[in-house]
Each structure stands twice: as C-alpha cells, then as structure tokens.
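Raw final.cif, mmCIF, C-alpha atoms; chains and numbers go by the auth columns:
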data_final
#
loop_
_atom_site.group_PDB
_atom_site.id
_atom_site.type_symbol
_atom_site.label_atom_id
_atom_site.label_comp_id
_atom_site.label_asym_id
_atom_site.label_seq_id
_atom_site.Cartn_x
_atom_site.Cartn_y
_atom_site.Cartn_z
_atom_site.B_iso_or_equiv
_atom_site.auth_seq_id
_atom_site.auth_asym_id
ATOM 1 C CA MET A 1 93.547 155.157 121.010 0.00 1040 A
ATOM 2 C CA GLU A 2 95.830 152.753 122.961 0.00 1041 A
ATOM 3 C CA THR A 3 94.733 153.459 126.526 0.00 1042 A
ATOM 4 C CA GLY A 4 94.121 149.942 127.787 0.00 1043 A
ATOM 5 C CA GLY A 5 91.033 151.340 129.535 0.00 1044 A
ATOM 6 C CA LEU A 6 93.264 153.414 131.811 0.00 1045 A
ATOM 7 C CA GLU A 7 92.308 157.057 132.283 0.00 1046 A
ATOM 8 C CA GLN A 8 94.357 159.830 133.855 0.00 1047 A
ATOM 9 C CA GLN A 9 91.706 160.455 136.525 0.00 1048 A
ATOM 10 C CA GLN A 10 92.640 157.085 138.100 0.00 1049 A
ATOM 11 C CA PHE A 11 96.011 158.615 139.005 0.00 1050 A
ATOM 12 C CA ALA A 12 94.799 162.029 140.207 0.00 1051 A
ATOM 13 C CA TRP A 13 95.648 161.052 143.810 0.00 1052 A
ATOM 14 C CA ILE A 14 99.354 161.727 143.094 0.00 1053 A
ATOM 15 C CA GLU A 15 98.721 165.447 142.452 0.00 1054 A
ATOM 16 C CA SER A 16 97.864 166.059 146.130 0.00 1055 A
ATOM 17 C CA ASP A 17 99.710 163.215 147.916 0.00 1056 A
ATOM 18 C CA ASP A 18 102.359 164.791 150.185 0.00 1057 A
ATOM 19 C CA ARG A 19 104.129 161.467 150.858 0.00 1058 A
ATOM 20 C CA PHE A 20 106.243 162.137 147.794 0.00 1059 A
ATOM 21 C CA ASP A 21 107.253 165.766 148.426 0.00 1060 A
ATOM 22 C CA LEU A 22 110.939 164.737 148.503 0.00 1061 A
ATOM 23 C CA GLY A 23 110.669 162.986 145.176 0.00 1062 A
ATOM 24 C CA PHE A 24 109.038 160.042 143.491 0.00 1063 A
ATOM 25 C CA CYS A 25 110.525 157.369 141.253 0.00 1064 A
ATOM 26 C CA LEU A 26 108.414 154.408 140.157 0.00 1065 A
ATOM 27 C CA THR A 27 109.800 151.762 137.819 0.00 1066 A
ATOM 28 C CA MET A 28 107.888 148.933 136.187 0.00 1067 A
ATOM 29 C CA VAL A 29 110.012 145.961 135.066 0.00 1068 A
ATOM 30 C CA ALA A 30 108.649 143.154 132.855 0.00 1069 A
ATOM 31 C CA THR A 31 109.039 140.273 135.320 0.00 1070 A
ATOM 32 C CA ASP A 32 107.349 139.123 138.495 0.00 1071 A
ATOM 33 C CA GLY A 33 110.715 138.405 140.165 0.00 1072 A
ATOM 34 C CA CYS A 34 110.897 141.199 142.753 0.00 1073 A
ATOM 35 C CA ALA A 35 114.077 139.961 144.434 0.00 1074 A
ATOM 36 C CA ARG A 36 115.902 139.604 141.090 0.00 1075 A
ATOM 37 C CA VAL A 37 114.930 143.155 140.100 0.00 1076 A
ATOM 38 C CA LEU A 38 116.184 144.510 143.433 0.00 1077 A
ATOM 39 C CA ASP A 39 119.450 142.617 142.878 0.00 1078 A
ATOM 40 C CA ALA A 40 119.856 144.584 139.633 0.00 1079 A
ATOM 41 C CA PHE A 41 119.263 147.830 141.570 0.00 1080 A
ATOM 42 C CA ASP A 42 121.786 146.666 144.192 0.00 1081 A
ATOM 43 C CA ALA A 43 124.495 146.471 141.523 0.00 1082 A
ATOM 44 C CA VAL A 44 124.071 150.228 140.881 0.00 1083 A
ATOM 45 C CA GLU A 45 123.002 151.533 144.306 0.00 1084 A
ATOM 46 C CA PRO A 46 124.149 149.081 146.983 0.00 1085 A
ATOM 47 C CA ARG A 47 121.588 147.632 149.324 0.00 1086 A
ATOM 48 C CA GLY A 48 121.716 148.612 152.962 0.00 1087 A
ATOM 49 C CA THR A 49 119.266 146.698 155.171 0.00 1088 A
ATOM 50 C CA ARG A 50 116.427 144.541 153.819 0.00 1089 A
ATOM 51 C CA ARG A 51 113.280 144.132 155.905 0.00 1090 A
ATOM 52 C CA PRO A 52 112.836 140.500 156.975 0.00 1091 A
ATOM 53 C CA GLU A 53 109.655 139.037 155.464 0.00 1092 A
ATOM 54 C CA ASP A 54 108.172 138.258 158.884 0.00 1093 A
ATOM 55 C CA GLN A 55 108.846 141.706 160.387 0.00 1094 A
ATOM 56 C CA ASP A 56 106.211 144.426 160.519 0.00 1095 A
ATOM 57 C CA PHE A 57 107.190 147.437 158.382 0.00 1096 A
ATOM 58 C CA ASP A 58 106.877 149.968 161.231 0.00 1097 A
ATOM 59 C CA ASP A 59 108.911 147.751 163.578 0.00 1098 A
ATOM 60 C CA TRP A 60 111.583 147.453 160.886 0.00 1099 A
ATOM 61 C CA LEU A 61 111.695 151.251 160.448 0.00 1100 A
ATOM 62 C CA GLU A 62 112.174 151.643 164.206 0.00 1101 A
ATOM 63 C CA SER A 63 115.043 149.143 164.147 0.00 1102 A
ATOM 64 C CA LEU A 64 117.059 151.102 161.565 0.00 1103 A
ATOM 65 C CA ASP A 65 119.935 153.289 162.704 0.00 1104 A
ATOM 66 C CA ASP A 66 121.377 156.469 161.206 0.00 1105 A
ATOM 67 C CA SER A 67 123.907 154.554 159.117 0.00 1106 A
ATOM 68 C CA ASP A 68 121.051 153.138 157.028 0.00 1107 A
ATOM 69 C CA GLY A 69 120.220 156.612 155.686 0.00 1108 A
ATOM 70 C CA PRO A 70 116.800 157.818 154.514 0.00 1109 A
ATOM 71 C CA GLN A 71 116.969 156.307 151.010 0.00 1110 A
ATOM 72 C CA MET A 72 114.692 153.315 150.522 0.00 1111 A
ATOM 73 C CA ARG A 73 113.214 151.242 147.777 0.00 1112 A
ATOM 74 C CA HIS A 74 110.140 149.060 147.890 0.00 1113 A
ATOM 75 C CA ALA A 75 109.073 146.362 145.456 0.00 1114 A
ATOM 76 C CA GLY A 76 105.777 144.694 144.643 0.00 1115 A
ATOM 77 C CA ARG A 77 103.941 143.017 141.785 0.00 1116 A
ATOM 78 C CA ALA A 78 101.265 144.203 139.377 0.00 1117 A
ATOM 79 C CA GLY A 79 99.949 142.391 136.316 0.00 1118 A
ATOM 80 C CA GLY A 80 103.030 140.219 135.724 0.00 1119 A
ATOM 81 C CA TRP A 81 105.388 143.170 136.292 0.00 1120 A
ATOM 82 C CA THR A 82 107.557 144.117 139.255 0.00 1121 A
ATOM 83 C CA TRP A 83 107.299 147.705 140.436 0.00 1122 A
ATOM 84 C CA VAL A 84 110.029 149.443 142.419 0.00 1123 A
ATOM 85 C CA LEU A 85 109.289 152.653 144.287 0.00 1124 A
ATOM 86 C CA GLU A 86 112.431 154.593 145.205 0.00 1125 A
ATOM 87 C CA GLU A 87 112.347 157.153 148.021 0.00 1126 A
ATOM 88 C CA ILE A 88 114.792 160.090 147.903 0.00 1127 A
ATOM 89 C CA THR A 89 116.685 158.512 145.039 0.00 1128 A
ATOM 90 C CA CYS A 90 116.063 157.808 141.366 0.00 1129 A
ATOM 91 C CA ALA A 91 118.662 155.296 140.173 0.00 1130 A
ATOM 92 C CA ALA A 92 116.278 153.806 137.615 0.00 1131 A
ATOM 93 C CA ALA A 93 116.145 157.068 135.668 0.00 1132 A
ATOM 94 C CA ARG A 94 119.930 157.248 135.152 0.00 1133 A
ATOM 95 C CA SER A 95 122.187 155.157 132.955 0.00 1134 A
ATOM 96 C CA PRO A 96 123.200 152.394 133.218 0.00 1135 A
ATOM 97 C CA LEU A 97 120.217 151.025 135.198 0.00 1136 A
ATOM 98 C CA PRO A 98 117.424 151.457 132.592 0.00 1137 A
ATOM 99 C CA GLU A 99 119.551 149.689 129.999 0.00 1138 A
ATOM 100 C CA GLN A 100 120.584 146.931 132.438 0.00 1139 A
ATOM 101 C CA LEU A 101 117.025 146.292 133.638 0.00 1140 A
ATOM 102 C CA SER A 102 115.661 146.017 130.111 0.00 1141 A
ATOM 103 C CA ALA A 103 118.612 143.909 128.928 0.00 1142 A
ATOM 104 C CA GLN A 104 117.957 141.446 131.742 0.00 1143 A
ATOM 105 C CA PHE A 105 114.133 141.504 131.844 0.00 1144 A
ATOM 106 C CA GLY A 106 113.019 142.807 128.425 0.00 1145 A
ATOM 107 C CA ARG A 107 111.384 146.140 129.331 0.00 1146 A
ATOM 108 C CA ALA A 108 111.582 148.820 132.024 0.00 1147 A
ATOM 109 C CA ILE A 109 109.500 151.991 132.347 0.00 1148 A
ATOM 110 C CA THR A 110 110.363 154.669 134.930 0.00 1149 A
ATOM 111 C CA VAL A 111 108.427 157.801 135.818 0.00 1150 A
ATOM 112 C CA GLY A 112 109.215 160.322 138.532 0.00 1151 A
ATOM 113 C CA TRP A 113 110.471 163.645 139.794 0.00 1152 A
ATOM 114 C CA THR A 114 112.969 165.043 142.254 0.00 1153 A
ATOM 115 C CA VAL A 115 112.483 167.370 145.219 0.00 1154 A
ATOM 116 C CA ASN A 116 113.311 170.202 142.784 0.00 1155 A
ATOM 117 C CA LEU A 117 110.493 168.990 140.487 0.00 1156 A
ATOM 118 C CA SER A 118 112.816 167.884 137.713 0.00 1157 A
ATOM 119 C CA SER A 119 110.716 165.201 136.069 0.00 1158 A
ATOM 120 C CA PHE A 120 111.401 162.233 133.823 0.00 1159 A
ATOM 121 C CA PHE A 121 109.883 159.392 131.837 0.00 1160 A
ATOM 122 C CA VAL A 122 112.345 156.711 130.714 0.00 1161 A
ATOM 123 C CA GLU A 123 111.318 153.643 128.736 0.00 1162 A
ATOM 124 C CA SER A 124 113.832 151.017 127.669 0.00 1163 A
ATOM 125 C CA ALA A 125 113.643 147.663 125.906 0.00 1164 A
ATOM 126 C CA ASP A 126 116.252 145.025 125.228 0.00 1165 A
ATOM 127 C CA GLY A 127 119.072 147.131 126.674 0.00 1166 A
ATOM 128 C CA VAL A 128 118.269 150.346 124.778 0.00 1167 A
ATOM 129 C CA ILE A 129 116.523 153.529 125.971 0.00 1168 A
ATOM 130 C CA LEU A 130 113.595 154.119 123.616 0.00 1169 A
ATOM 131 C CA ARG A 131 112.038 157.210 125.209 0.00 1170 A
ATOM 132 C CA ASN A 132 113.476 159.687 127.684 0.00 1171 A
ATOM 133 C CA PHE A 133 111.652 162.971 128.243 0.00 1172 A
ATOM 134 C CA GLU A 134 110.576 165.485 130.841 0.00 1173 A
ATOM 135 C CA LEU A 135 106.946 165.134 131.895 0.00 1174 A
ATOM 136 C CA GLY A 136 104.731 167.811 130.413 0.00 1175 A
ATOM 137 C CA ARG A 137 107.145 168.550 127.574 0.00 1176 A
ATOM 138 C CA SER A 138 105.848 169.627 124.217 0.00 1177 A
ATOM 139 C CA ALA A 139 106.330 167.366 121.232 0.00 1178 A
ATOM 140 C CA GLU A 140 104.939 167.087 117.761 0.00 1179 A
ATOM 141 C CA PRO A 141 101.714 165.030 117.868 0.00 1180 A
ATOM 142 C CA GLY A 142 101.731 162.153 115.428 0.00 1181 A
ATOM 143 C CA SER A 143 105.484 161.663 115.496 0.00 1182 A
ATOM 144 C CA GLU A 144 106.547 158.394 117.095 0.00 1183 A
ATOM 145 C CA GLY A 145 110.225 159.255 117.379 0.00 1184 A
ATOM 146 C CA ILE A 146 111.894 159.631 120.733 0.00 1185 A
ATOM 147 C CA ASP A 147 110.600 163.222 121.010 0.00 1186 A
ATOM 148 C CA GLY A 148 107.120 162.602 119.600 0.00 1187 A
ATOM 149 C CA HIS A 149 103.850 161.425 121.104 0.00 1188 A
ATOM 150 C CA LEU A 150 102.787 157.803 121.163 0.00 1189 A
ATOM 151 C CA PRO A 151 99.179 156.701 120.611 0.00 1190 A
ATOM 152 C CA SER A 152 99.073 155.720 124.312 0.00 1191 A
ATOM 153 C CA GLU A 153 99.508 159.435 125.157 0.00 1192 A
ATOM 154 C CA GLU A 154 96.130 160.286 123.617 0.00 1193 A
ATOM 155 C CA GLY A 155 93.933 162.338 125.922 0.00 1194 A
ATOM 156 C CA LEU A 156 96.571 162.997 128.584 0.00 1195 A
ATOM 157 C CA ASP A 157 96.497 166.449 130.177 0.00 1196 A
ATOM 158 C CA TRP A 158 100.183 167.345 130.523 0.00 1197 A
ATOM 159 C CA GLU A 159 99.258 170.368 132.682 0.00 1198 A
ATOM 160 C CA GLN A 160 98.716 167.677 135.347 0.00 1199 A
ATOM 161 C CA TRP A 161 102.052 166.049 134.545 0.00 1200 A
ATOM 162 C CA MET A 162 102.339 163.804 137.622 0.00 1201 A
ATOM 163 C CA SER A 163 99.096 161.918 136.976 0.00 1202 A
ATOM 164 C CA ALA A 164 99.737 161.999 133.203 0.00 1203 A
ATOM 165 C CA GLY A 165 103.142 160.359 133.716 0.00 1204 A
ATOM 166 C CA LEU A 166 101.739 157.601 135.942 0.00 1205 A
ATOM 167 C CA CYS A 167 98.880 157.005 133.524 0.00 1206 A
ATOM 168 C CA LEU A 168 101.250 156.753 130.559 0.00 1207 A
ATOM 169 C CA GLN A 169 103.459 154.299 132.445 0.00 1208 A
ATOM 170 C CA ALA A 170 100.448 152.134 133.345 0.00 1209 A
ATOM 171 C CA ARG A 171 99.206 152.216 129.743 0.00 1210 A
ATOM 172 C CA ARG A 172 102.634 151.227 128.382 0.00 1211 A
ATOM 173 C CA ALA A 173 102.937 148.356 130.908 0.00 1212 A
ATOM 174 C CA ASN A 174 99.223 147.493 130.841 0.00 1213 A
ATOM 175 C CA ALA A 175 99.428 147.277 134.636 0.00 1214 A
ATOM 176 C CA VAL A 176 98.785 149.636 137.568 0.00 1215 A
ATOM 177 C CA ALA A 177 101.450 149.572 140.292 0.00 1216 A
ATOM 178 C CA LEU A 178 99.919 151.781 143.003 0.00 1217 A
ATOM 179 C CA PRO A 179 96.134 151.735 142.624 0.00 1218 A
ATOM 180 C CA ASP A 180 94.676 154.731 144.459 0.00 1219 A
ATOM 181 C CA GLY A 181 98.092 155.412 145.982 0.00 1220 A
ATOM 182 C CA VAL A 182 98.173 152.182 148.004 0.00 1221 A
ATOM 183 C CA VAL A 183 101.755 150.922 148.362 0.00 1222 A
ATOM 184 C CA ASP A 184 101.388 147.144 148.852 0.00 1223 A
ATOM 185 C CA THR A 185 105.032 146.188 149.357 0.00 1224 A
ATOM 186 C CA LEU A 186 106.515 142.695 149.168 0.00 1225 A
ATOM 187 C CA ILE A 187 110.129 143.758 149.797 0.00 1226 A
ATOM 188 C CA SER A 188 111.548 146.941 151.370 0.00 1227 A
ATOM 189 C CA GLU A 189 115.195 147.846 151.817 0.00 1228 A
ATOM 190 C CA THR A 190 117.441 150.805 152.464 0.00 1229 A
ATOM 191 C CA CYS A 191 120.028 151.706 149.862 0.00 1230 A
ATOM 192 C CA ARG A 192 123.232 153.680 149.657 0.00 1231 A
ATOM 193 C CA PHE A 193 122.790 156.681 147.410 0.00 1232 A
ATOM 194 C CA SER A 194 125.635 157.437 145.057 0.00 1233 A
ATOM 195 C CA LEU A 195 126.172 160.410 142.750 0.00 1234 A
ATOM 196 C CA ASP A 196 128.538 158.377 140.543 0.00 1235 A
#
Translate this file's structure into structure tokens.
Amino acid sequence: METGGLEQQQFAWIESDDRFDLGFCLTMVATDGCARVLDAFDAVEPRGTRRPEDQDFDDWLESLDDSDGPQMRHAGRAGGWTWVLEEITCAAARSPLPEQLSAQFGRAITVGWTVNLSSFFVESADGVILRNFELGRSAEPGSEGIDGHLPSEEGLDWEQWMSAGLCLQARRANAVALPDGVVDTLISETCRFSLD
C-alpha cells in the first residue's frame, strides 16, 4: 500500500472546519517557488492586492477596500512543494491552469469543493491531466486508468470525502500542506474571479 505513512485520520479536521463553508481549493505544485506559482495563477485569474511581507495579515485585511473583492489565495511551502489555498474560487481545478502548472513545474495536484459541494480531484503532470474525478466517486478497484483507483487510495473512506481527498493529495505529493488545519502562509493576495 502506497500511503507514505499518511492516514486519513490526520485530515479529519476538515470535516468539521467551518472556515471553508464557502468552498475549499488546495493545490500542491512541485516546486518551492511560491511567488513563481502565484505568477502562473495570476495569468489565469489576475492578482488584485498582494500583502506586503512586513505587514500583519489582519492589518492587511483591514486595509483592503471593496474593489479587492472577497476572493483570495494564499501560498506556502511543504516538503519541497508549494501549496496554494484559494478562497471562494477554484482556478486550479479548471483548464488551462492544471496543465500550465504541471507544464511549468512538473506536477500539480488540486483537491477541493465549491459552496454547492461540487467536489474535485485533479492531478496533472508535464502539461497533461492524468486524473480528474469527483471526490467519493465509485470506480473499479485495481484499475489504474483515469477512472480507477490508485494504490495510494488504499484504505480511504470515501464516505468522508473531504478528509479522503486531502489524504490522497498528501500521499500523491508525499507532503502535508495544512497540518491540523494550520494555514502558515508566506504570501497572500486578492484575485479577480473570472468565469471565462
């Protein structure tokens, strides 16, 4: 079993965390260059206001005006990967961003859901989407095609699809982005949401 020592229980916090009631989108990108990854996001969903490195997060939030909008993204590092947490947006789950991120950095793995509880898991490598499925979906065990299970899905309880999705992402990246739900951000910025 390819679990990397990561068990679903480590991610159980997400099942009851109300911070993400309006949606959750977490992307792991195979680089430790947070600013470069956010530049790739900026090309798809333009950046609004970036928090200055020396400014307290709460002070920065207070300084924003209505034109900045509620959409934000935050970036940090975990195990040689950059993670990006999107609030009220999920650009990394929609083409062309997964393909662009993996073309530029090698691999990208996104897990999340919308306010309507539409869920997704998108894994891409070298510019190609390898896996794209709804969390908790049924698939034929043993098949490794795009609709089948991977060995790293062994033992996941898809009835608890939020924690299962985060656990699968961490297993595939061999890194945990938000241990115990702690968001340790290096860069935060607003972004302009687009339906295009």
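Across the model, the gap from atom CA of A:Val1123 to atom CA of A:Asp1097 is 19.1 Å.
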Please identify all polymer residues within 12 Å of stretch 1046-1063 of chain A, counting all atoms listed in the file, omitting same-chain residues fewer than 4 positions from it, and present them as an mmCIF file with C-alpha atoms, in the frame of the given file.
data_model
loop_
_atom_site.group_PDB
_atom_site.id
_atom_site.type_symbol
_atom_site.label_atom_id
_atom_site.label_comp_id
_atom_site.auth_asym_id
_atom_site.auth_seq_id
_atom_site.Cartn_x
_atom_site.Cartn_y
_atom_site.Cartn_z
ATOM 1 C CA MET A 1040 93.547 155.157 121.010
ATOM 2 C CA GLU A 1041 95.830 152.753 122.961
ATOM 3 C CA THR A 1042 94.733 153.459 126.526
ATOM 4 C CA PRO A 1109 116.800 157.818 154.514
ATOM 5 C CA GLN A 1110 116.969 156.307 151.010
ATOM 6 C CA MET A 1111 114.692 153.315 150.522
ATOM 7 C CA ARG A 1112 113.214 151.242 147.777
ATOM 8 C CA HIS A 1113 110.140 149.060 147.890
ATOM 9 C CA VAL A 1123 110.029 149.443 142.419
ATOM 10 C CA LEU A 1124 109.289 152.653 144.287
ATOM 11 C CA GLU A 1125 112.431 154.593 145.205
ATOM 12 C CA GLU A 1126 112.347 157.153 148.021
ATOM 13 C CA ILE A 1127 114.792 160.090 147.903
ATOM 14 C CA THR A 1128 116.685 158.512 145.039
ATOM 15 C CA CYS A 1129 116.063 157.808 141.366
ATOM 16 C CA ALA A 1130 118.662 155.296 140.173
ATOM 17 C CA ALA A 1131 116.278 153.806 137.615
ATOM 18 C CA ALA A 1132 116.145 157.068 135.668
ATOM 19 C CA THR A 1149 110.363 154.669 134.930
ATOM 20 C CA VAL A 1150 108.427 157.801 135.818
ATOM 21 C CA GLY A 1151 109.215 160.322 138.532
ATOM 22 C CA TRP A 1152 110.471 163.645 139.794
ATOM 23 C CA THR A 1153 112.969 165.043 142.254
ATOM 24 C CA VAL A 1154 112.483 167.370 145.219
ATOM 25 C CA ASN A 1155 113.311 170.202 142.784
ATOM 26 C CA LEU A 1156 110.493 168.990 140.487
ATOM 27 C CA SER A 1157 112.816 167.884 137.713
ATOM 28 C CA SER A 1158 110.716 165.201 136.069
ATOM 29 C CA PHE A 1159 111.401 162.233 133.823
ATOM 30 C CA PHE A 1160 109.883 159.392 131.837
ATOM 31 C CA SER A 1191 99.073 155.720 124.312
ATOM 32 C CA GLU A 1192 99.508 159.435 125.157
ATOM 33 C CA GLU A 1193 96.130 160.286 123.617
ATOM 34 C CA GLY A 1194 93.933 162.338 125.922
ATOM 35 C CA LEU A 1195 96.571 162.997 128.584
ATOM 36 C CA ASP A 1196 96.497 166.449 130.177
ATOM 37 C CA TRP A 1197 100.183 167.345 130.523
ATOM 38 C CA GLU A 1198 99.258 170.368 132.682
ATOM 39 C CA GLN A 1199 98.716 167.677 135.347
ATOM 40 C CA TRP A 1200 102.052 166.049 134.545
ATOM 41 C CA MET A 1201 102.339 163.804 137.622
ATOM 42 C CA SER A 1202 99.096 161.918 136.976
ATOM 43 C CA ALA A 1203 99.737 161.999 133.203
ATOM 44 C CA GLY A 1204 103.142 160.359 133.716
ATOM 45 C CA LEU A 1205 101.739 157.601 135.942
ATOM 46 C CA CYS A 1206 98.880 157.005 133.524
ATOM 47 C CA LEU A 1207 101.250 156.753 130.559
ATOM 48 C CA GLN A 1208 103.459 154.299 132.445
ATOM 49 C CA ALA A 1209 100.448 152.134 133.345
ATOM 50 C CA ARG A 1210 99.206 152.216 129.743
ATOM 51 C CA ASN A 1213 99.223 147.493 130.841
ATOM 52 C CA VAL A 1215 98.785 149.636 137.568
ATOM 53 C CA ALA A 1216 101.450 149.572 140.292
ATOM 54 C CA LEU A 1217 99.919 151.781 143.003
ATOM 55 C CA PRO A 1218 96.134 151.735 142.624
ATOM 56 C CA ASP A 1219 94.676 154.731 144.459
ATOM 57 C CA GLY A 1220 98.092 155.412 145.982
ATOM 58 C CA VAL A 1221 98.173 152.182 148.004
ATOM 59 C CA VAL A 1222 101.755 150.922 148.362
#
Can you pull out every residue within 12 Å of A:Leu1140, counting only C-alpha atoms, but drop anything in the same chain fewer than 4 positions away, and send it as number ranges by chain? A: 1066-1070, 1075-1083, 1121-1123, 1130-1136, 1144-1149, 1161-1168
Go ahead and save the residues from that selection, with C-alpha atoms, as a tab-separated table (two decimals), in the frame of the given file.
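File produced: selection-v1.tsv:
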chain	number	residue	atom	x	y	z
A	1066	THR	CA	109.80	151.76	137.82
A	1067	MET	CA	107.89	148.93	136.19
A	1068	VAL	CA	110.01	145.96	135.07
A	1069	ALA	CA	108.65	143.15	132.85
A	1070	THR	CA	109.04	140.27	135.32
A	1075	ARG	CA	115.90	139.60	141.09
A	1076	VAL	CA	114.93	143.16	140.10
A	1077	LEU	CA	116.18	144.51	143.43
A	1078	ASP	CA	119.45	142.62	142.88
A	1079	ALA	CA	119.86	144.58	139.63
A	1080	PHE	CA	119.26	147.83	141.57
A	1081	ASP	CA	121.79	146.67	144.19
A	1082	ALA	CA	124.50	146.47	141.52
A	1083	VAL	CA	124.07	150.23	140.88
A	1121	THR	CA	107.56	144.12	139.26
A	1122	TRP	CA	107.30	147.71	140.44
A	1123	VAL	CA	110.03	149.44	142.42
A	1130	ALA	CA	118.66	155.30	140.17
A	1131	ALA	CA	116.28	153.81	137.62
A	1132	ALA	CA	116.14	157.07	135.67
A	1133	ARG	CA	119.93	157.25	135.15
A	1134	SER	CA	122.19	155.16	132.96
A	1135	PRO	CA	123.20	152.39	133.22
A	1136	LEU	CA	120.22	151.02	135.20
A	1144	PHE	CA	114.13	141.50	131.84
A	1145	GLY	CA	113.02	142.81	128.43
A	1146	ARG	CA	111.38	146.14	129.33
A	1147	ALA	CA	111.58	148.82	132.02
A	1148	ILE	CA	109.50	151.99	132.35
A	1149	THR	CA	110.36	154.67	134.93
A	1161	VAL	CA	112.34	156.71	130.71
A	1162	GLU	CA	111.32	153.64	128.74
A	1163	SER	CA	113.83	151.02	127.67
A	1164	ALA	CA	113.64	147.66	125.91
A	1165	ASP	CA	116.25	145.02	125.23
A	1166	GLY	CA	119.07	147.13	126.67
A	1167	VAL	CA	118.27	150.35	124.78
A	1168	ILE	CA	116.52	153.53	125.97
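Taking atom CA of A:Ala1114 and atom CA of A:Pro1091 as the two end points, the separation is 13.5 Å.
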Length of the atom CA of A:Arg1086 to atom CA of A:Cys1230 vector [Å]: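 Computed distance, atom CA of A:Arg1086 to atom CA of A:Cys1230, equals 4.4 Å.
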Closest of A:Leu1045, A:Leu1103, A:Cys1073, A:Ala1214 to A:Gly1115 - atom-to-atom distances counting all atoms listed in the file: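 For A:Gly1115, the nearest of the given residues is A:Cys1073.
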Can stretch 1087-1093 of chain A be brought up to all heavy atoms and written out as a PDB file, in the coordinates of the input?
ATOM      1  N   GLY A1087     121.348 148.439 151.569  1.00  0.00           N
ATOM      2  CA  GLY A1087     121.716 148.612 152.962  1.00  0.00           C
ATOM      3  C   GLY A1087     121.123 147.459 153.767  1.00  0.00           C
ATOM      4  O   GLY A1087     121.673 146.364 153.828  1.00  0.00           O
ATOM      5  N   THR A1088     119.939 147.686 154.333  1.00  0.00           N
ATOM      6  CA  THR A1088     119.266 146.698 155.171  1.00  0.00           C
ATOM      7  C   THR A1088     117.934 146.320 154.545  1.00  0.00           C
ATOM      8  O   THR A1088     117.118 147.193 154.247  1.00  0.00           O
ATOM      9  CB  THR A1088     119.012 147.289 156.581  1.00  0.00           C
ATOM     10  OG1 THR A1088     120.253 147.738 157.119  1.00  0.00           O
ATOM     11  CG2 THR A1088     118.377 146.271 157.489  1.00  0.00           C
ATOM     12  N   ARG A1089     117.709 145.015 154.350  1.00  0.00           N
ATOM     13  CA  ARG A1089     116.427 144.541 153.819  1.00  0.00           C
ATOM     14  C   ARG A1089     115.527 144.137 154.979  1.00  0.00           C
ATOM     15  O   ARG A1089     115.974 143.492 155.927  1.00  0.00           O
ATOM     16  CB  ARG A1089     116.635 143.368 152.876  1.00  0.00           C
ATOM     17  CG  ARG A1089     115.319 142.900 152.247  1.00  0.00           C
ATOM     18  CD  ARG A1089     115.509 141.849 151.201  1.00  0.00           C
ATOM     19  NE  ARG A1089     115.897 142.469 149.936  1.00  0.00           N
ATOM     20  CZ  ARG A1089     116.125 141.791 148.822  1.00  0.00           C
ATOM     21  NH1 ARG A1089     116.027 140.484 148.802  1.00  0.00           N
ATOM     22  NH2 ARG A1089     116.471 142.430 147.721  1.00  0.00           N
ATOM     23  N   ARG A1090     114.253 144.510 154.875  1.00  0.00           N
ATOM     24  CA  ARG A1090     113.280 144.132 155.905  1.00  0.00           C
ATOM     25  C   ARG A1090     113.020 142.631 155.833  1.00  0.00           C
ATOM     26  O   ARG A1090     112.697 142.104 154.766  1.00  0.00           O
ATOM     27  CB  ARG A1090     111.964 144.887 155.690  1.00  0.00           C
ATOM     28  CG  ARG A1090     110.878 144.529 156.702  1.00  0.00           C
ATOM     29  CD  ARG A1090     109.608 145.333 156.489  1.00  0.00           C
ATOM     30  NE  ARG A1090     108.992 145.110 155.200  1.00  0.00           N
ATOM     31  CZ  ARG A1090     108.060 144.196 154.942  1.00  0.00           C
ATOM     32  NH1 ARG A1090     107.620 143.395 155.904  1.00  0.00           N
ATOM     33  NH2 ARG A1090     107.558 144.078 153.742  1.00  0.00           N
ATOM     34  N   PRO A1091     113.180 141.924 156.961  1.00  0.00           N
ATOM     35  CA  PRO A1091     112.836 140.500 156.975  1.00  0.00           C
ATOM     36  C   PRO A1091     111.350 140.313 156.647  1.00  0.00           C
ATOM     37  O   PRO A1091     110.510 141.117 157.058  1.00  0.00           O
ATOM     38  CB  PRO A1091     113.126 140.061 158.416  1.00  0.00           C
ATOM     39  CG  PRO A1091     114.107 141.080 158.928  1.00  0.00           C
ATOM     40  CD  PRO A1091     113.729 142.363 158.243  1.00  0.00           C
ATOM     41  N   GLU A1092     111.033 139.267 155.907  1.00  0.00           N
ATOM     42  CA  GLU A1092     109.655 139.037 155.464  1.00  0.00           C
ATOM     43  C   GLU A1092     108.666 138.955 156.614  1.00  0.00           C
ATOM     44  O   GLU A1092     107.515 139.355 156.462  1.00  0.00           O
ATOM     45  CB  GLU A1092     109.580 137.752 154.643  1.00  0.00           C
ATOM     46  CG  GLU A1092     110.236 137.869 153.290  1.00  0.00           C
ATOM     47  CD  GLU A1092     110.123 136.587 152.495  1.00  0.00           C
ATOM     48  OE1 GLU A1092     109.160 135.822 152.692  1.00  0.00           O
ATOM     49  OE2 GLU A1092     111.013 136.358 151.659  1.00  0.00           O
ATOM     50  N   ASP A1093     109.100 138.440 157.761  1.00  0.00           N
ATOM     51  CA  ASP A1093     108.172 138.258 158.884  1.00  0.00           C
ATOM     52  C   ASP A1093     108.126 139.456 159.834  1.00  0.00           C
ATOM     53  O   ASP A1093     107.438 139.413 160.849  1.00  0.00           O
ATOM     54  CB  ASP A1093     108.531 136.990 159.661  1.00  0.00           C
ATOM     55  CG  ASP A1093     109.935 137.032 160.238  1.00  0.00           C
ATOM     56  OD1 ASP A1093     110.729 137.927 159.861  1.00  0.00           O
ATOM     57  OD2 ASP A1093     110.245 136.161 161.071  1.00  0.00           O
TER      58      ASP A1093
END
